[in-house]
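The structure under discussion appears below in the form of structure tokens.
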Amino acid sequence: MDKMIKESVATLFCHAIKLDDKDLNLEQPIFCRFMSQNFDCDSEESREILEKVMEKDCDNIDTHISIISNALYNEPYEKMSILKQLNHIIFRSKLKTEDYDFFNKVKYSFFQY
């Protein structure tokens with residue numbers, strides 16, 4: 001399950017990166033630091049996950065949002081940490097309506113009690 005959550009979080013962040021063609025080189029250190037702090041990934045594992053996910057299409061993003069939400073059902077601080085990081089990725093470059101539509105979709109899915 002741990003690997004599945006890591007890949008789902010990576011997919012979530014990669015989807016935000018791909019929305020606006022954000023600079024992956026700029027986002028990679030942020031992603032790696034987050035994965036290290038929250039999922040005990042070393043930088044090599046984080047880069048491998050990021051590269052693997054960036055090569056895939058993010059057409060099943062709803063599935064990944066659901067995986068994270070279910071896995072962290074009783075972990076509101078972890079979900080808030082993911083939302084904070086997602087917001088940071090979105091904010092670092094050109095902002096579009098689609099960015100915050102996506103953010104709100106994730107937020108609602110995480111906290112729709």
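We label chains A, B, ... in the order they appear in the structure tokens, count residues from 1 in each chain, and number ligands from 1 in the order shown.
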
>> Show me, as a PyMOL selection string, the residues that have an atom within 7 Å of stretch 7-16 of chain A when counting only C-alpha atoms, minus same-chain residues fewer than 4 positions from it.
In response: chain A and resi 3+49-50+53-54+58+61+64+67-68+86+90+99

I'd like the contact shell of A:Glu98 - 8 Å cut-off, only C-alpha atoms, skipping same-chain residues fewer than 3 positions apart - returned as a PDB file with C-alpha atoms, in the first residue's frame.
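Written out: out.pdb:
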```pdb
ATOM      1  CA  LEU A  19      -1.508  21.298 -16.342  1.00  0.00           C
ATOM      2  CA  ASP A 101     -10.355  23.875 -10.087  1.00  0.00           C
ATOM      3  CA  PHE A 102      -8.065  20.877  -9.720  1.00  0.00           C
TER       4      PHE A 102
END
```

>> I'd like to know which of A:Asn60, A:Ile65, A:Asn104, A:Asn87 is closest to A:Ile30, using only C-alpha atoms.
In response: A:Asn87

Give me, as a tab-separated table (two decimals) with C-alpha atoms, in the first residue's frame, all polymer residues having an atom no more than 9 Å from A:Asn38, counting only C-alpha atoms and skipping those fewer than 3 positions away in the same chain.
```
chain	number	residue	atom	x	y	z
A	33	ARG	CA	11.95	17.11	-0.28
A	34	PHE	CA	8.24	16.48	0.28
A	35	MET	CA	8.57	12.75	-0.42
A	41	CYS	CA	11.95	8.37	0.31
A	78	GLU	CA	-1.19	14.33	6.19
A	81	SER	CA	0.32	18.56	4.03
```
